[in-house]
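Chemist: Dropping in start05.txt, with compact mmCIF, C-alpha atoms and all ligand atoms.
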```
# COMPACT_ATOMS: atom_id res chain seq x y z
CA MET W 15 30.81 9.44 3.88
CA PRO W 16 31.79 7.77 7.15
CA MET W 17 28.84 7.83 9.49
CA GLN W 18 29.56 9.17 12.96
CA ALA W 19 28.04 7.20 15.81
CA ILE W 20 24.31 7.81 15.58
CA LYS W 21 22.79 9.98 18.30
CA ARG W 22 19.63 11.36 16.70
CA ILE W 23 17.37 10.09 13.93
CA ALA W 24 14.08 11.23 12.36
CA ILE W 25 11.10 9.40 10.86
CA LEU W 26 8.38 10.38 8.39
CA THR W 27 5.38 8.79 6.71
CA SER W 28 4.84 9.67 3.07
CA GLY W 29 2.48 9.12 0.15
CA GLY W 30 -0.83 7.27 0.47
CA ASP W 31 -1.38 6.41 4.13
CA ALA W 32 -1.54 2.72 4.99
CA PRO W 33 -3.06 0.93 7.99
CA GLY W 34 -0.06 -0.12 10.09
CA MET W 35 2.07 2.99 9.56
CA ASN W 36 1.57 3.93 13.21
CA ALA W 37 2.80 0.52 14.34
CA ALA W 38 5.98 1.10 12.32
CA VAL W 39 6.48 4.58 13.80
CA ARG W 40 5.94 3.17 17.31
CA ALA W 41 8.38 0.28 16.81
CA ALA W 42 11.10 2.43 15.24
CA THR W 43 10.79 5.03 17.99
CA ARG W 44 11.01 2.52 20.82
CA ALA W 45 13.88 0.65 19.13
CA ALA W 46 15.80 3.92 18.70
CA LEU W 47 15.18 5.04 22.29
CA ALA W 48 16.28 1.61 23.50
CA ARG W 49 19.63 2.26 21.82
CA GLY W 50 19.93 5.60 23.64
CA TRP W 51 19.24 7.57 20.46
CA GLU W 52 16.83 10.51 20.12
CA MET W 53 13.89 10.11 17.74
CA HIS W 54 12.27 13.04 15.94
CA GLY W 55 8.96 12.89 14.04
CA VAL W 56 8.50 14.79 10.79
CA ARG W 57 4.96 16.06 10.13
CA ASN W 58 3.23 15.44 6.78
CA GLY W 59 5.94 13.59 4.94
CA TYR W 60 8.52 15.45 2.86
CA ALA W 61 6.45 18.66 3.10
CA GLY W 62 7.24 18.76 6.82
CA LEU W 63 10.90 18.13 6.13
CA ILE W 64 10.97 21.25 3.96
CA THR W 65 9.01 23.43 6.42
CA ASP W 66 11.02 22.08 9.37
CA ALA W 67 7.89 20.62 11.02
CA ILE W 68 10.04 18.29 13.12
CA GLU W 69 9.63 17.53 16.81
CA PRO W 70 11.03 15.03 19.34
CA LEU W 71 9.19 11.73 19.81
CA HIS W 72 9.29 10.15 23.26
CA ALA W 73 8.08 6.70 24.28
CA ARG W 74 4.80 8.15 25.52
CA ASP W 75 4.20 9.92 22.21
CA VAL W 76 3.85 6.56 20.47
CA GLY W 77 1.79 4.90 23.19
CA GLY W 78 -1.70 3.70 22.22
CA ILE W 79 -1.19 4.05 18.46
CA ILE W 80 -0.43 0.50 17.32
CA GLN W 81 -4.13 -0.16 16.79
CA ARG W 82 -4.86 3.16 15.06
CA GLY W 83 -5.26 3.50 11.30
CA GLY W 84 -3.73 6.28 9.30
CA THR W 85 -0.55 8.00 10.51
CA VAL W 86 -0.24 10.19 13.60
CA LEU W 87 2.60 12.05 11.85
CA GLY W 88 0.42 12.92 8.89
CA SER W 89 1.37 12.31 5.26
CA ALA W 90 1.36 14.32 2.05
CA ARG W 91 2.43 14.16 -1.56
CA SER W 92 4.95 17.00 -1.83
CA ALA W 93 5.48 18.56 -5.26
CA GLU W 94 8.04 20.93 -3.72
CA PHE W 95 10.24 17.99 -2.74
CA ALA W 96 10.57 17.21 -6.43
CA THR W 97 12.49 20.48 -6.82
CA ASP W 98 16.18 21.02 -6.06
CA ALA W 99 15.28 23.93 -3.81
CA GLY W 100 12.88 21.79 -1.81
CA ARG W 101 15.38 18.96 -1.44
CA SER W 102 18.17 21.34 -0.42
CA GLN W 103 15.92 22.91 2.21
CA ALA W 104 15.02 19.47 3.55
CA LEU W 105 18.68 18.49 3.85
CA ALA W 106 19.55 21.82 5.48
CA ASN W 107 16.85 21.30 8.12
CA LEU W 108 18.09 17.79 8.88
CA GLN W 109 21.68 18.95 9.18
CA ARG W 110 20.85 22.06 11.24
CA ARG W 111 19.00 19.87 13.73
CA GLY W 112 21.93 17.45 13.95
CA ILE W 113 19.85 14.55 12.68
CA ASP W 114 22.16 11.71 11.66
CA ALA W 115 19.73 9.52 9.69
CA LEU W 116 16.15 9.38 8.41
CA ILE W 117 13.56 6.57 8.19
CA VAL W 118 11.02 6.94 5.36
CA ILE W 119 7.81 4.89 5.60
CA GLY W 120 6.03 4.83 2.25
CA GLY W 121 5.62 3.43 -1.24
CA ASN W 122 7.17 4.00 -4.65
CA GLY W 123 7.26 7.78 -4.75
CA SER W 124 8.38 8.02 -1.13
CA GLN W 125 11.28 5.61 -1.65
CA THR W 126 12.35 7.49 -4.76
CA GLY W 127 12.63 10.58 -2.56
CA ALA W 128 14.56 8.58 0.03
CA GLY W 129 17.02 7.59 -2.69
CA VAL W 130 17.53 11.22 -3.67
CA LEU W 131 18.42 12.18 -0.09
CA ASN W 132 20.72 9.20 0.17
CA ASN W 133 22.43 10.06 -3.11
CA ALA W 134 23.07 13.50 -1.60
CA GLY W 135 25.05 11.70 1.13
CA PHE W 136 22.38 11.52 3.85
CA ALA W 137 21.78 8.19 5.62
CA VAL W 138 18.23 7.04 4.82
CA VAL W 139 16.47 3.69 5.31
CA GLY W 140 13.07 3.04 3.72
CA VAL W 141 10.21 0.97 5.17
CA ALA W 142 7.96 -0.74 2.59
CA SER W 143 4.45 0.66 3.01
CA THR W 144 1.64 0.92 0.48
CA VAL W 145 -1.74 -0.79 0.17
CA ASP W 146 -0.92 -1.46 -3.50
CA ASN W 147 1.88 -3.95 -2.72
CA ASP W 148 3.64 -2.75 -5.88
CA LEU W 149 7.06 -2.12 -4.28
CA VAL W 150 10.04 -4.11 -5.49
CA GLY W 151 11.98 -5.28 -2.43
CA SER W 152 9.26 -6.85 -0.32
CA ASP W 153 6.84 -9.76 -0.77
CA VAL W 154 4.22 -7.70 1.02
CA THR W 155 4.00 -4.10 2.22
CA ILE W 156 2.37 -2.42 5.21
CA GLY W 157 -1.37 -1.89 4.63
CA VAL W 158 -1.96 -4.69 2.14
CA ASP W 159 -3.41 -7.23 4.58
CA THR W 160 -5.91 -4.69 5.87
CA ALA W 161 -6.87 -3.49 2.38
CA VAL W 162 -7.44 -7.04 1.13
CA ASN W 163 -9.54 -7.94 4.18
CA ILE W 164 -11.69 -4.82 3.86
CA THR W 165 -12.29 -5.66 0.18
CA VAL W 166 -13.18 -9.28 1.00
CA GLU W 167 -15.63 -8.12 3.65
CA ALA W 168 -17.28 -5.84 1.08
CA ILE W 169 -17.51 -8.73 -1.41
CA ASP W 170 -19.05 -11.02 1.22
CA ARG W 171 -21.63 -8.35 2.10
CA LEU W 172 -22.51 -7.72 -1.52
CA ARG W 173 -22.92 -11.47 -2.02
CA THR W 174 -25.80 -11.59 0.45
CA THR W 175 -27.74 -8.66 -0.98
CA GLY W 176 -26.96 -9.85 -4.51
CA SER W 177 -28.53 -13.20 -3.71
CA SER W 178 -31.66 -11.51 -2.38
CA HIS W 179 -32.24 -9.75 -5.67
CA LYS W 180 -30.49 -12.08 -8.16
CA ARG W 181 -28.04 -9.29 -8.94
CA ALA W 182 -24.39 -9.01 -9.91
CA PHE W 183 -22.07 -6.49 -8.27
CA LEU W 184 -18.90 -4.90 -9.51
CA VAL W 185 -16.46 -3.92 -6.74
CA GLU W 186 -13.79 -1.45 -7.74
CA THR W 187 -10.85 -1.33 -5.36
CA MET W 188 -7.56 0.55 -5.14
CA GLY W 189 -4.51 -0.37 -7.16
CA ARG W 190 -3.29 2.26 -9.60
CA ASN W 191 -0.60 0.22 -11.36
CA CYS W 192 -0.86 -3.11 -9.58
CA GLY W 193 -3.92 -5.30 -9.20
CA TYR W 194 -2.77 -7.15 -6.08
CA ILE W 195 -5.68 -6.07 -3.83
CA ALA W 196 -8.28 -6.95 -6.48
CA LEU W 197 -6.57 -10.26 -7.32
CA MET W 198 -6.23 -11.50 -3.74
CA ALA W 199 -9.65 -10.25 -2.63
CA GLY W 200 -11.22 -11.67 -5.79
CA ILE W 201 -9.73 -15.10 -5.07
CA ALA W 202 -10.65 -14.97 -1.37
CA GLY W 203 -14.12 -13.66 -2.19
CA GLY W 204 -14.79 -16.22 -4.92
CA ALA W 205 -15.38 -13.60 -7.61
CA GLU W 206 -16.57 -14.73 -11.03
CA VAL W 207 -14.41 -12.09 -12.77
CA ILE W 208 -11.19 -10.31 -11.70
CA ALA W 209 -9.93 -7.49 -13.92
CA ILE W 210 -6.51 -6.02 -13.13
CA PRO W 211 -3.82 -4.10 -15.05
CA GLU W 212 -1.75 -7.32 -15.25
CA CYS W 213 -4.67 -9.29 -16.70
CA GLU W 214 -7.19 -7.21 -18.60
CA VAL W 215 -10.72 -8.50 -19.21
CA GLU W 216 -12.74 -6.95 -22.05
CA PRO W 217 -16.26 -5.78 -21.15
CA GLN W 218 -17.63 -8.34 -23.61
CA GLU W 219 -15.83 -11.13 -21.75
CA VAL W 220 -17.22 -9.90 -18.43
CA ALA W 221 -20.74 -9.93 -19.90
CA GLU W 222 -20.23 -13.45 -21.25
CA ARG W 223 -19.05 -14.79 -17.87
CA LEU W 224 -22.00 -13.16 -16.12
CA ARG W 225 -24.39 -14.61 -18.69
CA ALA W 226 -22.90 -18.09 -18.20
CA ALA W 227 -23.22 -17.75 -14.41
CA TYR W 228 -26.84 -16.67 -14.77
CA GLN W 229 -27.55 -19.58 -17.11
CA ARG W 230 -26.02 -21.96 -14.54
CA GLY W 231 -28.62 -20.71 -12.09
CA LYS W 232 -26.32 -18.70 -9.84
CA THR W 233 -28.29 -16.33 -7.60
CA HIS W 234 -25.58 -13.64 -7.72
CA ALA W 235 -22.20 -12.87 -9.26
CA LEU W 236 -19.20 -10.71 -8.28
CA VAL W 237 -16.83 -8.78 -10.55
CA VAL W 238 -13.72 -7.29 -8.89
CA VAL W 239 -11.88 -4.55 -10.78
CA ALA W 240 -8.68 -2.71 -9.87
CA GLU W 241 -8.96 1.04 -10.38
CA GLY W 242 -5.98 0.84 -12.75
CA ALA W 243 -7.54 -1.74 -15.07
CA ARG W 244 -7.78 -0.46 -18.66
CA HIS W 245 -11.44 -1.52 -18.98
CA GLY W 246 -12.76 0.04 -15.78
CA ALA W 247 -16.03 -0.11 -13.90
CA GLN W 248 -17.92 2.36 -16.06
CA ALA W 249 -17.10 0.66 -19.36
CA ILE W 250 -18.06 -2.75 -17.96
CA VAL W 251 -21.32 -1.54 -16.40
CA ARG W 252 -22.29 0.29 -19.60
CA HIS W 253 -21.66 -2.80 -21.75
CA VAL W 254 -23.57 -5.15 -19.43
CA ALA W 255 -26.48 -2.71 -19.30
CA GLU W 256 -26.58 -2.58 -23.11
CA HIS W 257 -26.80 -6.39 -23.17
CA ARG W 258 -28.95 -6.84 -20.09
CA ALA W 259 -31.48 -9.13 -21.79
CA GLU W 260 -28.80 -11.64 -22.83
CA VAL W 261 -26.74 -11.35 -19.61
CA GLY W 262 -29.67 -11.89 -17.23
CA PHE W 263 -28.06 -10.16 -14.22
CA GLY W 264 -28.33 -6.44 -13.58
CA LEU W 265 -24.90 -5.09 -12.56
CA ARG W 266 -24.44 -2.51 -9.79
CA VAL W 267 -21.14 -0.78 -8.88
CA THR W 268 -19.55 -0.31 -5.46
CA THR W 269 -16.37 1.79 -5.52
CA LEU W 270 -14.39 1.19 -2.34
CA GLY W 271 -11.71 3.83 -2.98
CA HIS W 272 -10.10 5.09 0.22
CA VAL W 273 -12.26 2.85 2.39
CA VAL W 274 -9.58 0.17 1.94
CA ARG W 275 -6.97 2.50 3.49
CA GLY W 276 -9.13 3.50 6.43
CA GLY W 277 -9.72 2.08 9.85
CA ALA W 278 -7.72 -0.08 12.19
CA PRO W 279 -4.89 -2.25 10.82
CA THR W 280 -5.23 -6.03 11.01
CA ALA W 281 -2.99 -7.99 13.36
CA GLY W 282 -0.99 -9.04 10.32
CA ASP W 283 -0.24 -5.44 9.35
CA ARG W 284 0.57 -4.48 12.95
CA ILE W 285 3.09 -7.33 13.18
CA LEU W 286 4.65 -6.63 9.75
CA ALA W 287 4.91 -2.92 10.51
CA THR W 288 6.40 -3.54 13.96
CA ARG W 289 9.03 -5.86 12.45
CA LEU W 290 9.92 -3.43 9.65
CA GLY W 291 10.04 -0.37 11.89
CA SER W 292 12.41 -2.10 14.30
CA ALA W 293 14.46 -3.56 11.43
CA ALA W 294 15.01 -0.07 10.00
CA VAL W 295 16.66 1.03 13.26
CA ASP W 296 18.75 -2.16 13.38
CA GLN W 297 19.88 -1.47 9.82
CA LEU W 298 21.01 2.04 10.71
CA ALA W 299 22.81 0.72 13.80
CA ARG W 300 24.93 -1.52 11.54
CA GLY W 301 26.20 1.52 9.71
CA ALA W 302 29.84 1.98 10.64
CA SER W 303 30.49 3.50 7.23
CA GLY W 304 27.00 4.69 6.38
CA ALA W 305 26.86 1.91 3.80
CA SER W 306 24.07 0.30 5.86
CA ALA W 307 21.78 3.10 4.70
CA GLY W 308 20.40 3.65 1.21
CA VAL W 309 18.23 0.52 1.46
CA LEU W 310 14.56 -0.44 1.77
CA VAL W 311 13.68 -2.93 4.49
CA GLY W 312 11.09 -5.50 3.49
CA VAL W 313 10.28 -9.18 3.87
CA ARG W 314 11.02 -12.12 1.58
CA GLY W 315 9.80 -15.60 2.54
CA GLY W 316 8.95 -14.23 5.97
CA GLU W 317 12.51 -13.00 6.59
CA ILE W 318 13.63 -9.38 6.80
CA ILE W 319 15.62 -8.32 3.72
CA THR W 320 17.19 -5.11 2.47
CA THR W 321 17.20 -3.85 -1.12
CA PRO W 322 19.22 -0.88 -2.41
CA LEU W 323 16.91 2.11 -2.92
CA ALA W 324 18.39 2.45 -6.41
CA ASP W 325 16.88 -0.96 -7.25
CA VAL W 326 13.46 0.06 -5.92
CA ALA W 327 12.87 3.57 -7.26
CA GLY W 328 10.56 3.90 -10.22
CA LYS W 329 9.85 0.19 -10.51
CA THR W 330 6.49 -1.55 -10.08
CA LYS W 331 6.27 -5.10 -8.80
CA GLY W 332 3.75 -7.23 -10.71
CA VAL W 333 1.46 -9.89 -9.28
CA ASN W 334 2.35 -13.54 -8.72
CA GLN W 335 1.73 -15.50 -11.94
CA GLU W 336 0.62 -18.61 -10.05
CA LEU W 337 -2.11 -16.62 -8.33
CA LEU W 338 -3.09 -15.03 -11.64
CA GLU W 339 -3.48 -18.51 -13.18
CA LEU W 340 -5.41 -19.68 -10.13
CA ALA W 341 -7.84 -16.78 -10.52
CA ARG W 342 -8.30 -17.65 -14.19
CA VAL W 343 -9.04 -21.32 -13.43
CA LEU W 344 -11.41 -20.57 -10.56
CA ALA W 345 -13.39 -18.09 -12.61
CA GLN W 346 -14.44 -20.73 -15.17
O1 LIG W 401 -0.61 4.35 -3.71
C1 LIG W 401 -1.62 3.95 -2.87
C2 LIG W 401 -2.93 4.53 -3.32
O2 LIG W 401 -3.88 4.21 -2.38
C3 LIG W 401 -3.39 4.03 -4.69
O3 LIG W 401 -3.96 2.73 -4.64
C4 LIG W 401 -4.40 5.07 -5.03
O4 LIG W 401 -4.67 5.13 -6.42
C5 LIG W 401 -3.70 6.35 -4.55
O5 LIG W 401 -2.88 5.95 -3.45
C6 LIG W 401 -4.66 7.42 -4.12
O6 LIG W 401 -3.86 8.54 -3.81
P1 LIG W 401 -4.49 9.75 -2.93
O7 LIG W 401 -4.74 9.22 -1.57
O8 LIG W 401 -3.39 10.80 -2.96
O9 LIG W 401 -5.74 10.16 -3.63
```
Kindly transcribe the structure held in the file into structure tokens.
Ligand code: F6P

Modeler:
Amino acid sequence: MPMQAIKRIAILTSGGDAPGMNAAVRAATRAALARGWEMHGVRNGYAGLITDAIEPLHARDVGGIIQRGGTVLGSARSAEFATDAGRSQALANLQRRGIDALIVIGGNGSQTGAGVLNNAGFAVVGVASTVDNDLVGSDVTIGVDTAVNITVEAIDRLRTTGSSHKRAFLVETMGRNCGYIALMAGIAGGAEVIAIPECEVEPQEVAERLRAAYQRGKTHALVVVAEGARHGAQAIVRHVAEHRAEVGFGLRVTTLGHVVRGGAPTAGDRILATRLGSAAVDQLARGASGASAGVLVGVRGGEIITTPLADVAGKTKGVNQELLELARVLAQ
């Protein structure tokens, strides 16, 4: 469908919030206003698109948010948007308001929804954002740098108290289908064991590595587990407790959960999000025929790239094999 000259666009944040989303909203809004377009913010992701919770965003509305965690627009996981009625209502609201294009900031589920709107003929550009870093179409996604740094800080803190009491700690971090946070934080934190969906570690193997560390005279040990690992925290803790006499270390659990999504974004996430938010507007501006839409903006080798939404939806990006091997070697 030929795209008329853009005059008015909208933006929403969807799915799990990610530190840096506000920087992306700010950059996209200012880039759009700089082109003489109107920008409208959608509240609470696709749910707000359905309920028509849409309001103009002016330059001052996005002032002072680059450093703030979470999303000032709000986010939600909308079951109603999975229905034809919900999607039709969302499209009707966009069209009634004369909105020419939509920017969707989010992860897998959010970009699947973006693809559905685009397949219905609406111009949509996605921005890669999820702490999991499991999106095809970008080396790294908004929120990852912050999540990894929060996890590393937790590991470093547990190291000190572990040394005081000759204890081992298991840190469980986010990562439903992808162990990127656990892998990178485990490497950076010098963990003895890293268990992720892409590289499972049996509880017996964890116990053996802890026993070996204890026998080598280590004063503490760290096990980092992604929440999506098949052998999770509880199974590992139970097995180590049953073999406490042989293992030597007691093993305590710290579950970080949503802590890794909270708080202020790192400089790295602010810069990535600013680049991607601005790039999404640039991508829409290229759209003489509307063909410029229907893509996810991400980074590859430090450069901005675009990937068709059809190639992103429903896929999960795995972790880098070289880093996986590195983690294995370092854990010996
Ligand atoms: O997809 C990002 C993520 O943080 C996952 O790592 C986590 O399992 C999930 O979202 C939690 O979802 P919610 O915030 O809806 O509980």

Chemist: Could you pull out the residues sitting within 7 Å of ligand LIG 401 (chain W), using all atoms listed in the file, and write them as JSON, numbers by chain?

Modeler: {"W": [29, 30, 91, 121, 144, 145, 146, 188, 189, 190, 272, 275]}

Chemist: Pick out the closest residue to His257 of chain W from this set: W:Ala221, W:Cys213, W:Ala278, W:Ile318. Count all atoms listed in the file.

Modeler: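 Under the stated criterion, the closest residue is W:Ala221.
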
Chemist: Counting only C-alpha atoms, which residue out of W:Ala341, W:Thr27, W:Phe263, W:Ala106 sits closest to Gln229 of chain W?

Modeler: W:Phe263

Chemist: Quick one: distance from atom CA of Val130 of chain W to atom CA of Asp148 of chain W in Å, one decimal?

Modeler: 19.8 Å

Chemist: Which one of W:Ile80, W:Ile64, W:Val267, W:Ile25 sits closest to Ala46 of chain W if you count only C-alpha atoms?

Modeler: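 The closest residue to Ala46 of chain W is W:Ile25.
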
Chemist: Would you please work out which residue, of W:Ala294, W:Leu286, W:Val158, W:Leu184, is nearest to Arg252 of chain W when using all atoms listed in the file?

Modeler: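 The answer is W:Leu184, which sits nearest to Arg252 of chain W.
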
Chemist: One decimal, Å: what's the distance from atom CA of Ala345 of chain W over to atom CA of Thr160 of chain W, could you say?

Modeler: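 Separation of atom CA of Ala345 of chain W and atom CA of Thr160 of chain W: 24.0 Å.
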
Chemist: Applying 8 Å and only C-alpha atoms, which residues near Gly328 of chain W remain after dropping the ones on its own chain fewer than 5 positions away? List them as a compact mmCIF listing (two decimals) with C-alpha atoms, keeping the file's coordinate frame.

Modeler:
```txt
# COMPACT_ATOMS: atom_id res chain seq x y z
CA ASN W 122 7.17 4.00 -4.65
CA GLY W 123 7.26 7.78 -4.75
CA THR W 126 12.35 7.49 -4.76
```

Chemist: What separation in Å, quoted to one decimal, exists between atom CA of Asn163 of chain W and atom CA of Asp283 of chain W?

Modeler: 10.9 Å

Chemist: Find the residues around Asp31 of chain W up to 9 Å (all atoms listed in the file counted), leave out those fewer than 2 positions away in its own chain, and share them as a list of chain:residue names.

Modeler: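 The contact residues come out as W:Thr27, W:Ser28, W:Gly29, W:Pro33, W:Gly34, W:Met35, W:Gly83, W:Gly84, W:Thr85, W:Gly88, W:Ser89, W:Ala90, W:Gly120, W:Ser143, W:Thr144, W:Val145, W:Gly157, W:Arg275, W:Gly276.
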
Chemist: From the options W:Asn147, W:Ser178, W:Thr97, W:Gln248, which residue's atoms come nearest to Lys232 of chain W, counting all atoms listed in the file?

Modeler: W:Ser178

Chemist: Find the residue from W:Gln103, W:Arg22, W:Val166, W:Ile201 that sits nearest to Glu339 of chain W; use only C-alpha atoms when measuring.

Modeler: W:Ile201

Chemist: List as JSON, numbers by chain: which residues have an atom within 9 Å of (6.6, -3.6, 10.6), counting only C-alpha atoms?

Modeler: {"W": [34, 35, 37, 38, 39, 41, 42, 141, 142, 143, 155, 156, 283, 284, 285, 286, 287, 288, 289, 290, 291, 292, 293, 312]}

Chemist: Extract, using all atoms listed in the file, all DNA, RNA and protein residues at most 10 Å from Val86 of chain W, discarding same-chain residues fewer than 6 positions from it, and format them as a ChimeraX atom specification.

Modeler: /W:27,35-36,39,55,57-58,75-76,79

Chemist: What lies within 12 Å of Glu219 of chain W using all atoms listed in the file, ignoring chain neighbours under 3 positions off, as number ranges by chain?

Modeler: W: 206-209, 214-216, 222-226, 237, 245, 250, 253-254, 261, 345-346

Chemist: Tell me which protein, DNA and RNA residues are within 6 Å of Ala196 of chain W, counting only C-alpha atoms, leaving out same-chain ones fewer than 4 positions away, and put them as JSON, numbers by chain.

Modeler: {"W": [200, 238, 240]}
